[in-house]
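Colleague: Structure file structure-v9.pdb (PDB, C-alpha atoms, pLDDT in the B column) right here:
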ATOM      1  CA  MET A   1     -25.415  35.033  27.183  1.00 80.00           C
ATOM      2  CA  SER A   2     -23.782  31.901  25.779  1.00 91.00           C
ATOM      3  CA  PHE A   3     -20.698  32.233  23.587  1.00 94.00           C
ATOM      4  CA  VAL A   4     -19.590  28.578  23.596  1.00 95.00           C
ATOM      5  CA  TYR A   5     -21.822  25.600  22.841  1.00 95.00           C
ATOM      6  CA  PHE A   6     -21.369  21.881  23.366  1.00 96.00           C
ATOM      7  CA  GLU A   7     -23.366  19.375  21.348  1.00 94.00           C
ATOM      8  CA  GLN A   8     -23.272  15.617  21.061  1.00 89.00           C
ATOM      9  CA  GLN A   9     -23.482  14.541  17.439  1.00 78.00           C
ATOM     10  CA  SER A  10     -24.125  11.090  16.015  1.00 77.00           C
ATOM     11  CA  ASN A  11     -21.524   8.324  15.870  1.00 77.00           C
ATOM     12  CA  TYR A  12     -19.877   9.305  19.176  1.00 93.00           C
ATOM     13  CA  VAL A  13     -18.631  12.644  17.813  1.00 95.00           C
ATOM     14  CA  ALA A  14     -19.062  15.737  20.003  1.00 96.00           C
ATOM     15  CA  LYS A  15     -18.500  19.346  19.000  1.00 96.00           C
ATOM     16  CA  ILE A  16     -17.695  22.613  20.756  1.00 97.00           C
ATOM     17  CA  THR A  17     -18.553  25.722  18.748  1.00 96.00           C
ATOM     18  CA  PHE A  18     -17.479  29.296  19.479  1.00 96.00           C
ATOM     19  CA  ARG A  19     -20.360  31.677  18.731  1.00 94.00           C
ATOM     20  CA  ARG A  20     -19.254  35.202  19.403  1.00 91.00           C
ATOM     21  CA  GLU A  21     -19.171  36.327  15.800  1.00 87.00           C
ATOM     22  CA  GLU A  22     -19.450  40.056  16.521  1.00 89.00           C
ATOM     23  CA  ALA A  23     -16.045  39.860  18.255  1.00 88.00           C
ATOM     24  CA  LYS A  24     -14.468  37.279  15.919  1.00 91.00           C
ATOM     25  CA  ASN A  25     -14.917  34.734  18.743  1.00 93.00           C
ATOM     26  CA  ALA A  26     -12.451  36.614  20.952  1.00 91.00           C
ATOM     27  CA  ILE A  27     -11.740  35.160  24.398  1.00 93.00           C
ATOM     28  CA  SER A  28     -13.350  37.144  27.194  1.00 92.00           C
ATOM     29  CA  ARG A  29     -13.537  35.996  30.810  1.00 93.00           C
ATOM     30  CA  ILE A  30     -17.104  34.757  30.274  1.00 94.00           C
ATOM     31  CA  PHE A  31     -16.051  33.013  27.050  1.00 96.00           C
ATOM     32  CA  LEU A  32     -13.203  31.215  28.850  1.00 96.00           C
ATOM     33  CA  ASN A  33     -15.455  30.044  31.682  1.00 96.00           C
ATOM     34  CA  GLN A  34     -18.015  28.690  29.217  1.00 97.00           C
ATOM     35  CA  PHE A  35     -15.327  26.969  27.156  1.00 97.00           C
ATOM     36  CA  TRP A  36     -13.935  25.300  30.274  1.00 97.00           C
ATOM     37  CA  GLU A  37     -17.430  24.100  31.207  1.00 96.00           C
ATOM     38  CA  CYS A  38     -17.851  22.609  27.728  1.00 97.00           C
ATOM     39  CA  ILE A  39     -14.562  20.721  28.062  1.00 97.00           C
ATOM     40  CA  HIS A  40     -15.847  19.207  31.302  1.00 96.00           C
ATOM     41  CA  LYS A  41     -19.112  18.265  29.564  1.00 96.00           C
ATOM     42  CA  ALA A  42     -17.132  16.532  26.836  1.00 95.00           C
ATOM     43  CA  ALA A  43     -15.036  14.670  29.415  1.00 94.00           C
ATOM     44  CA  ASN A  44     -18.203  13.314  31.039  1.00 93.00           C
ATOM     45  CA  SER A  45     -19.989  12.418  27.807  1.00 92.00           C
ATOM     46  CA  ASP A  46     -19.810   9.227  25.760  1.00 90.00           C
ATOM     47  CA  ALA A  47     -17.863  11.030  23.032  1.00 94.00           C
ATOM     48  CA  ARG A  48     -15.020   9.206  21.329  1.00 94.00           C
ATOM     49  CA  VAL A  49     -13.867  12.283  19.402  1.00 97.00           C
ATOM     50  CA  LEU A  50     -14.234  16.022  20.088  1.00 97.00           C
ATOM     51  CA  LEU A  51     -14.310  18.712  17.403  1.00 97.00           C
ATOM     52  CA  ILE A  52     -13.671  22.385  18.191  1.00 97.00           C
ATOM     53  CA  THR A  53     -14.541  25.118  15.703  1.00 96.00           C
ATOM     54  CA  GLY A  54     -15.813  28.668  15.399  1.00 95.00           C
ATOM     55  CA  SER A  55     -18.840  30.218  13.757  1.00 91.00           C
ATOM     56  CA  GLY A  56     -18.591  32.964  11.161  1.00 90.00           C
ATOM     57  CA  ASP A  57     -15.255  33.720   9.492  1.00 89.00           C
ATOM     58  CA  SER A  58     -13.093  33.053  12.567  1.00 92.00           C
ATOM     59  CA  PHE A  59     -12.005  30.115  14.648  1.00 96.00           C
ATOM     60  CA  CYS A  60     -10.914  32.471  17.430  1.00 94.00           C
ATOM     61  CA  ALA A  61      -9.181  35.828  17.049  1.00 92.00           C
ATOM     62  CA  GLY A  62      -7.460  35.616  20.435  1.00 87.00           C
ATOM     63  CA  ALA A  63      -7.849  37.629  23.619  1.00 85.00           C
ATOM     64  CA  ASP A  64     -10.594  40.220  23.967  1.00 87.00           C
ATOM     65  CA  LEU A  65      -8.342  43.293  24.042  1.00 82.00           C
ATOM     66  CA  LYS A  66     -11.260  45.677  24.659  1.00 84.00           C
ATOM     67  CA  GLU A  67     -11.958  43.870  27.930  1.00 83.00           C
ATOM     68  CA  ARG A  68      -8.303  43.479  28.874  1.00 81.00           C
ATOM     69  CA  VAL A  69      -7.293  47.136  28.407  1.00 82.00           C
ATOM     70  CA  ASP A  70      -8.726  48.039  31.834  1.00 84.00           C
ATOM     71  CA  TRP A  71      -7.415  45.008  33.708  1.00 87.00           C
ATOM     72  CA  SER A  72      -4.845  45.177  36.467  1.00 87.00           C
ATOM     73  CA  GLU A  73      -1.681  43.109  36.279  1.00 87.00           C
ATOM     74  CA  GLU A  74      -3.182  40.753  38.852  1.00 89.00           C
ATOM     75  CA  GLN A  75      -6.271  40.200  36.695  1.00 89.00           C
ATOM     76  CA  VAL A  76      -4.146  39.432  33.645  1.00 88.00           C
ATOM     77  CA  VAL A  77      -2.005  36.942  35.570  1.00 90.00           C
ATOM     78  CA  ARG A  78      -5.088  35.222  37.004  1.00 93.00           C
ATOM     79  CA  PHE A  79      -6.705  34.987  33.567  1.00 92.00           C
ATOM     80  CA  LEU A  80      -3.569  33.477  32.020  1.00 92.00           C
ATOM     81  CA  ARG A  81      -3.335  30.941  34.842  1.00 95.00           C
ATOM     82  CA  ASP A  82      -6.933  29.880  34.251  1.00 95.00           C
ATOM     83  CA  PHE A  83      -6.441  29.814  30.482  1.00 95.00           C
ATOM     84  CA  ARG A  84      -3.371  27.570  30.824  1.00 95.00           C
ATOM     85  CA  ASP A  85      -5.249  25.241  33.182  1.00 96.00           C
ATOM     86  CA  CYS A  86      -8.214  25.131  30.812  1.00 97.00           C
ATOM     87  CA  LEU A  87      -5.968  24.127  27.903  1.00 97.00           C
ATOM     88  CA  LEU A  88      -4.258  21.502  30.042  1.00 96.00           C
ATOM     89  CA  ASP A  89      -7.692  19.990  30.743  1.00 97.00           C
ATOM     90  CA  LEU A  90      -8.357  20.027  27.001  1.00 97.00           C
ATOM     91  CA  GLU A  91      -5.007  18.404  26.249  1.00 96.00           C
ATOM     92  CA  LYS A  92      -5.553  15.717  28.909  1.00 95.00           C
ATOM     93  CA  LEU A  93      -8.883  14.495  27.507  1.00 96.00           C
ATOM     94  CA  LYS A  94      -8.474  10.766  26.982  1.00 95.00           C
ATOM     95  CA  PHE A  95     -10.002  10.722  23.508  1.00 96.00           C
ATOM     96  CA  PRO A  96      -8.793  12.555  20.358  1.00 97.00           C
ATOM     97  CA  THR A  97      -9.512  16.251  19.885  1.00 97.00           C
ATOM     98  CA  LEU A  98      -9.609  17.968  16.496  1.00 98.00           C
ATOM     99  CA  ALA A  99      -9.292  21.728  15.954  1.00 98.00           C
ATOM    100  CA  LEU A 100     -11.226  22.811  12.872  1.00 98.00           C
ATOM    101  CA  ILE A 101      -9.721  26.180  11.969  1.00 97.00           C
ATOM    102  CA  ASN A 102     -12.278  27.730   9.661  1.00 94.00           C
ATOM    103  CA  GLY A 103     -10.717  31.201   9.310  1.00 93.00           C
ATOM    104  CA  PHE A 104      -8.683  33.432  11.607  1.00 93.00           C
ATOM    105  CA  ALA A 105      -6.873  31.966  14.631  1.00 96.00           C
ATOM    106  CA  PHE A 106      -4.526  34.391  16.337  1.00 96.00           C
ATOM    107  CA  GLY A 107      -2.834  34.457  19.751  1.00 94.00           C
ATOM    108  CA  GLY A 108      -4.940  32.574  22.271  1.00 95.00           C
ATOM    109  CA  GLY A 109      -7.102  31.245  19.467  1.00 96.00           C
ATOM    110  CA  LEU A 110      -4.170  29.384  17.962  1.00 97.00           C
ATOM    111  CA  GLU A 111      -3.117  28.294  21.460  1.00 97.00           C
ATOM    112  CA  ILE A 112      -6.499  26.572  21.840  1.00 97.00           C
ATOM    113  CA  ALA A 113      -5.918  24.731  18.571  1.00 97.00           C
ATOM    114  CA  LEU A 114      -2.376  23.756  19.575  1.00 98.00           C
ATOM    115  CA  ALA A 115      -3.766  22.022  22.674  1.00 97.00           C
ATOM    116  CA  CYS A 116      -5.730  19.674  20.384  1.00 98.00           C
ATOM    117  CA  ASP A 117      -4.394  16.413  18.967  1.00 97.00           C
ATOM    118  CA  LEU A 118      -4.994  17.221  15.299  1.00 98.00           C
ATOM    119  CA  LEU A 119      -5.275  20.595  13.567  1.00 98.00           C
ATOM    120  CA  TYR A 120      -7.187  20.950  10.297  1.00 98.00           C
ATOM    121  CA  ALA A 121      -7.633  24.189   8.359  1.00 97.00           C
ATOM    122  CA  SER A 122      -9.874  25.529   5.636  1.00 96.00           C
ATOM    123  CA  ASP A 123      -7.931  26.784   2.634  1.00 96.00           C
ATOM    124  CA  ASN A 124      -8.656  30.420   3.563  1.00 96.00           C
ATOM    125  CA  ALA A 125      -7.366  30.082   7.147  1.00 96.00           C
ATOM    126  CA  ILE A 126      -4.779  32.520   8.491  1.00 97.00           C
ATOM    127  CA  VAL A 127      -3.169  31.821  11.864  1.00 97.00           C
ATOM    128  CA  GLY A 128      -0.394  33.096  14.055  1.00 96.00           C
ATOM    129  CA  LEU A 129       1.004  33.704  17.514  1.00 96.00           C
ATOM    130  CA  THR A 130       1.039  37.472  17.055  1.00 94.00           C
ATOM    131  CA  GLU A 131       1.643  38.526  20.657  1.00 93.00           C
ATOM    132  CA  THR A 132       5.037  40.197  20.038  1.00 94.00           C
ATOM    133  CA  LYS A 133       3.199  42.842  18.024  1.00 92.00           C
ATOM    134  CA  LEU A 134       1.365  43.676  21.267  1.00 90.00           C
ATOM    135  CA  GLY A 135       4.464  43.824  23.443  1.00 91.00           C
ATOM    136  CA  ILE A 136       4.007  40.390  25.052  1.00 91.00           C
ATOM    137  CA  ILE A 137       4.608  36.714  24.240  1.00 93.00           C
ATOM    138  CA  PRO A 138       2.221  33.759  24.023  1.00 92.00           C
ATOM    139  CA  GLY A 139       1.185  33.032  27.605  1.00 89.00           C
ATOM    140  CA  ALA A 140      -1.017  29.939  27.481  1.00 92.00           C
ATOM    141  CA  GLY A 141       1.428  27.391  26.135  1.00 94.00           C
ATOM    142  CA  GLY A 142       1.998  28.687  22.617  1.00 94.00           C
ATOM    143  CA  THR A 143       5.792  28.842  22.786  1.00 95.00           C
ATOM    144  CA  GLN A 144       5.921  25.270  24.097  1.00 94.00           C
ATOM    145  CA  ARG A 145       3.324  23.523  21.949  1.00 96.00           C
ATOM    146  CA  LEU A 146       4.192  25.246  18.666  1.00 96.00           C
ATOM    147  CA  THR A 147       7.884  24.397  19.124  1.00 96.00           C
ATOM    148  CA  ARG A 148       7.074  20.732  19.710  1.00 94.00           C
ATOM    149  CA  LEU A 149       4.921  20.662  16.576  1.00 95.00           C
ATOM    150  CA  VAL A 150       6.948  22.567  13.975  1.00 96.00           C
ATOM    151  CA  GLY A 151      10.440  22.646  15.504  1.00 95.00           C
ATOM    152  CA  PRO A 152      12.356  25.448  17.247  1.00 96.00           C
ATOM    153  CA  GLN A 153      13.557  27.346  14.172  1.00 96.00           C
ATOM    154  CA  THR A 154      10.122  27.708  12.574  1.00 97.00           C
ATOM    155  CA  ALA A 155       8.540  28.502  15.955  1.00 97.00           C
ATOM    156  CA  LYS A 156      11.150  31.200  16.606  1.00 97.00           C
ATOM    157  CA  GLU A 157      10.628  32.837  13.240  1.00 97.00           C
ATOM    158  CA  TRP A 158       6.852  32.842  13.488  1.00 97.00           C
ATOM    159  CA  ILE A 159       6.766  34.088  17.089  1.00 96.00           C
ATOM    160  CA  PHE A 160       9.576  36.672  16.774  1.00 96.00           C
ATOM    161  CA  ARG A 161       7.868  38.171  13.719  1.00 95.00           C
ATOM    162  CA  GLY A 162       4.323  37.758  14.992  1.00 95.00           C
ATOM    163  CA  LYS A 163       3.848  36.187  11.597  1.00 96.00           C
ATOM    164  CA  LYS A 164       0.453  35.464  10.065  1.00 96.00           C
ATOM    165  CA  VAL A 165       0.669  32.061   8.427  1.00 97.00           C
ATOM    166  CA  THR A 166      -1.467  30.821   5.537  1.00 97.00           C
ATOM    167  CA  ALA A 167      -3.072  27.404   5.409  1.00 97.00           C
ATOM    168  CA  ASP A 168      -0.618  26.192   2.751  1.00 96.00           C
ATOM    169  CA  GLU A 169       2.452  27.285   4.708  1.00 97.00           C
ATOM    170  CA  GLY A 170       1.062  25.781   7.896  1.00 97.00           C
ATOM    171  CA  LEU A 171       0.532  22.489   6.081  1.00 97.00           C
ATOM    172  CA  SER A 172       4.045  22.498   4.605  1.00 96.00           C
ATOM    173  CA  LYS A 173       5.617  23.132   8.029  1.00 97.00           C
ATOM    174  CA  GLY A 174       3.630  20.427   9.808  1.00 96.00           C
ATOM    175  CA  LEU A 175       1.261  22.686  11.734  1.00 97.00           C
ATOM    176  CA  PHE A 176      -1.815  21.214  10.068  1.00 97.00           C
ATOM    177  CA  ALA A 177      -2.698  17.569   9.541  1.00 96.00           C
ATOM    178  CA  GLY A 178      -4.737  18.592   6.511  1.00 96.00           C
ATOM    179  CA  VAL A 179      -6.200  21.534   4.589  1.00 97.00           C
ATOM    180  CA  PHE A 180      -9.575  21.374   2.874  1.00 97.00           C
ATOM    181  CA  PRO A 181     -11.645  23.730   0.673  1.00 96.00           C
ATOM    182  CA  LYS A 182     -13.723  26.235   2.624  1.00 93.00           C
ATOM    183  CA  GLU A 183     -16.903  24.830   1.104  1.00 92.00           C
ATOM    184  CA  GLY A 184     -17.588  21.536   2.820  1.00 93.00           C
ATOM    185  CA  PHE A 185     -14.715  21.985   5.305  1.00 95.00           C
ATOM    186  CA  ILE A 186     -16.695  20.992   8.408  1.00 93.00           C
ATOM    187  CA  GLU A 187     -18.211  17.992   6.652  1.00 94.00           C
ATOM    188  CA  ASP A 188     -14.768  16.789   5.553  1.00 95.00           C
ATOM    189  CA  CYS A 189     -13.511  17.006   9.125  1.00 95.00           C
ATOM    190  CA  ILE A 190     -16.586  15.272  10.537  1.00 94.00           C
ATOM    191  CA  SER A 191     -15.844  12.410   8.157  1.00 93.00           C
ATOM    192  CA  ILE A 192     -12.345  12.120   9.655  1.00 95.00           C
ATOM    193  CA  ALA A 193     -13.790  12.246  13.169  1.00 95.00           C
ATOM    194  CA  GLU A 194     -16.290   9.497  12.389  1.00 93.00           C
ATOM    195  CA  ASP A 195     -13.493   7.349  10.983  1.00 93.00           C
ATOM    196  CA  ILE A 196     -11.616   7.761  14.278  1.00 94.00           C
ATOM    197  CA  ALA A 197     -14.786   7.054  16.258  1.00 93.00           C
ATOM    198  CA  ASN A 198     -15.225   3.787  14.365  1.00 88.00           C
ATOM    199  CA  SER A 199     -11.877   2.537  15.671  1.00 87.00           C
ATOM    200  CA  ALA A 200     -11.788   0.681  18.989  1.00 87.00           C
ATOM    201  CA  PRO A 201     -12.098   3.496  21.574  1.00 88.00           C
ATOM    202  CA  LEU A 202      -9.873   1.867  24.195  1.00 90.00           C
ATOM    203  CA  ALA A 203      -7.177   1.356  21.567  1.00 89.00           C
ATOM    204  CA  VAL A 204      -7.397   4.969  20.390  1.00 93.00           C
ATOM    205  CA  LYS A 205      -7.147   6.205  23.968  1.00 92.00           C
ATOM    206  CA  ALA A 206      -4.157   3.938  24.593  1.00 91.00           C
ATOM    207  CA  ALA A 207      -2.488   5.197  21.416  1.00 92.00           C
ATOM    208  CA  LYS A 208      -3.004   8.817  22.481  1.00 93.00           C
ATOM    209  CA  LYS A 209      -1.598   8.017  25.922  1.00 92.00           C
ATOM    210  CA  ALA A 210       1.430   6.295  24.392  1.00 93.00           C
ATOM    211  CA  ILE A 211       2.192   9.119  21.970  1.00 91.00           C
ATOM    212  CA  ARG A 212       1.730  11.864  24.543  1.00 90.00           C
ATOM    213  CA  GLY A 213       4.001  10.109  27.013  1.00 88.00           C
ATOM    214  CA  SER A 214       6.706   9.608  24.411  1.00 86.00           C
ATOM    215  CA  LEU A 215       7.325  13.343  24.135  1.00 86.00           C
ATOM    216  CA  SER A 216       9.213  13.414  27.425  1.00 85.00           C
ATOM    217  CA  LEU A 217      11.004  10.049  27.146  1.00 88.00           C
ATOM    218  CA  ASP A 218      14.094   8.668  25.457  1.00 88.00           C
ATOM    219  CA  LEU A 219      13.512   5.836  22.979  1.00 92.00           C
ATOM    220  CA  GLU A 220      14.203   2.958  25.357  1.00 91.00           C
ATOM    221  CA  SER A 221      11.907   4.398  28.028  1.00 92.00           C
ATOM    222  CA  GLY A 222       9.340   5.188  25.351  1.00 91.00           C
ATOM    223  CA  LEU A 223       9.293   1.574  24.202  1.00 92.00           C
ATOM    224  CA  GLU A 224       8.560   0.457  27.756  1.00 91.00           C
ATOM    225  CA  TRP A 225       5.807   3.055  28.010  1.00 88.00           C
ATOM    226  CA  GLU A 226       4.327   1.810  24.726  1.00 89.00           C
ATOM    227  CA  ARG A 227       4.379  -1.748  26.058  1.00 90.00           C
ATOM    228  CA  ALA A 228       2.485  -0.686  29.180  1.00 89.00           C
ATOM    229  CA  CYS A 229      -0.128   1.110  27.074  1.00 88.00           C
ATOM    230  CA  TYR A 230      -0.446  -1.931  24.814  1.00 86.00           C
ATOM    231  CA  LEU A 231      -1.138  -4.180  27.797  1.00 88.00           C
ATOM    232  CA  ASP A 232      -4.096  -1.926  28.667  1.00 82.00           C
ATOM    233  CA  THR A 233      -5.802  -3.147  25.485  1.00 86.00           C
ATOM    234  CA  ILE A 234      -4.875  -6.805  25.202  1.00 83.00           C
ATOM    235  CA  ARG A 235      -7.607  -8.201  27.471  1.00 81.00           C
ATOM    236  CA  SER A 236     -10.362  -5.898  26.237  1.00 74.00           C
ATOM    237  CA  LYS A 237     -13.690  -7.076  24.857  1.00 70.00           C
ATOM    238  CA  ASP A 238     -13.050  -4.909  21.810  1.00 71.00           C
ATOM    239  CA  ARG A 239      -9.878  -6.836  20.950  1.00 73.00           C
ATOM    240  CA  SER A 240     -11.778 -10.120  21.145  1.00 68.00           C
ATOM    241  CA  GLU A 241     -14.563  -8.623  19.046  1.00 66.00           C
ATOM    242  CA  ALA A 242     -12.080  -7.465  16.398  1.00 66.00           C
ATOM    243  CA  LEU A 243     -10.583 -10.960  16.104  1.00 64.00           C
ATOM    244  CA  GLN A 244     -14.028 -12.567  15.923  1.00 63.00           C
ATOM    245  CA  ALA A 245     -15.185 -10.054  13.303  1.00 62.00           C
ATOM    246  CA  PHE A 246     -12.090 -10.778  11.220  1.00 66.00           C
ATOM    247  CA  LYS A 247     -12.838 -14.492  11.410  1.00 64.00           C
ATOM    248  CA  GLU A 248     -16.462 -13.896  10.386  1.00 59.00           C
ATOM    249  CA  LYS A 249     -15.527 -11.353   7.679  1.00 69.00           C
ATOM    250  CA  ARG A 250     -17.643  -8.542   9.101  1.00 67.00           C
ATOM    251  CA  LYS A 251     -17.112  -5.107  10.631  1.00 76.00           C
ATOM    252  CA  PRO A 252     -16.458  -5.183  14.380  1.00 73.00           C
ATOM    253  CA  LYS A 253     -18.868  -3.561  16.811  1.00 73.00           C
ATOM    254  CA  PHE A 254     -16.782  -1.834  19.441  1.00 71.00           C
ATOM    255  CA  VAL A 255     -18.268  -0.987  22.832  1.00 69.00           C
ATOM    256  CA  GLY A 256     -15.274   0.567  24.559  1.00 62.00           C
ATOM    257  CA  GLU A 257     -14.680  -2.260  27.011  1.00 65.00           C
TER     258      GLU A 257
END
What do you get writing this file as structure tokens?
Modeller:
Amino acid sequence: MSFVYFEQQSNYVAKITFRREEAKNAISRIFLNQFWECIHKAANSDARVLLITGSGDSFCAGADLKERVDWSEEQVVRFLRDFRDCLLDLEKLKFPTLALINGFAFGGGLEIALACDLLYASDNAIVGLTETKLGIIPGAGGTQRLTRLVGPQTAKEWIFRGKKVTADEGLSKGLFAGVFPKEGFIEDCISIAEDIANSAPLAVKAAKKAIRGSLSLDLESGLEWERACYLDTIRSKDRSEALQAFKEKRKPKFVGE
């Protein structure tokens, strides 16, 4: 049975959809394996942008606790190791990734979203790293990625309390890049993805590389890193095409070279 689907859409936009509605798209072992496979499919496709969303009223409700209740400590540790590695592969994709949170996203579900470049939410979304209510802490990068996104004080409050956060609060604290009405939410996000896909793909990849690298560098080192990433683009065909298109007053046709 398939719980996770990969599809290539038009305009270089790909999408991964969680389809385990009866369990609120909870993460079982099979679910994780299929998700990981879909990430690899995306990496080997011609996608310039990847969307991740869930079917039904949930993005992903987190770990499948019914499955996990009978696991040994060794099984839990192995699963968390694989989950962390899966999210690292997601985070390391060279092109932008967008999490489209269309409802609930708790625990591991929010950790998936946090491994994406941009997080968007429908106005009815409710999210949270709720693990402390289960006697544990986020184990697939949640404490690290949330802190980098919203700052240590907000991350501490949300995680200590196992707080469930609304779309509006998430937007105000910098968790979400945008919040849209539930009706038409996916279409609004696809429009953003297509706008990204219409930018020069090598330049977008270089920008992502530059920004990601900056997180572990001081300003002076970061400026040198930015310069190196810039040089990756300067001799590209797409840069020449952009200059020619400007001269001819037309839209450029980027080929990713």
Colleague: Take the PyMOL selection byres ((chain A and resi 188-193) around 8), run it mentally on this structure, and tell me the resulting residues as a list of chain:residue names.
Modeller: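 Checked against the file, the PyMOL selection byres ((chain A and resi 188-193) around 8) matches A:Val13, A:Val49, A:Leu50, A:Leu51, A:Leu98, A:Leu100, A:Tyr120, A:Phe180, A:Gly184, A:Phe185, A:Ile186, A:Glu187, A:Glu194, A:Asp195, A:Ile196, A:Ala197.
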Colleague: What does the structure give for the distance between CA of Ile39 (chain A) and CA of Asp89 (chain A), in Å to one decimal?
Modeller: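 Result for CA of Ile39 (chain A) versus CA of Asp89 (chain A): 7.4 Å, one decimal.
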Colleague: Written as a PyMOL selection string, which residues does the PyMOL selection byres ((chain A and resi 110-114) around 8) give for the file shown?
Modeller: chain A and resi 60+62+87+98-99+101+105-109+115-117+119+127-129+140-142+145-146
Colleague: Just the number, please: distance in Å from CA of Ala207 (chain A) to CA of Leu171 (chain A), one decimal.
Modeller: 23.3 Å
Colleague: Can you work out the spacing between CA of Phe18 (chain A) and CA of Asp168 (chain A) in Å, to one decimal?
Modeller: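 Going from CA of Phe18 (chain A) over to CA of Asp168 (chain A), I get 24.0 Å.
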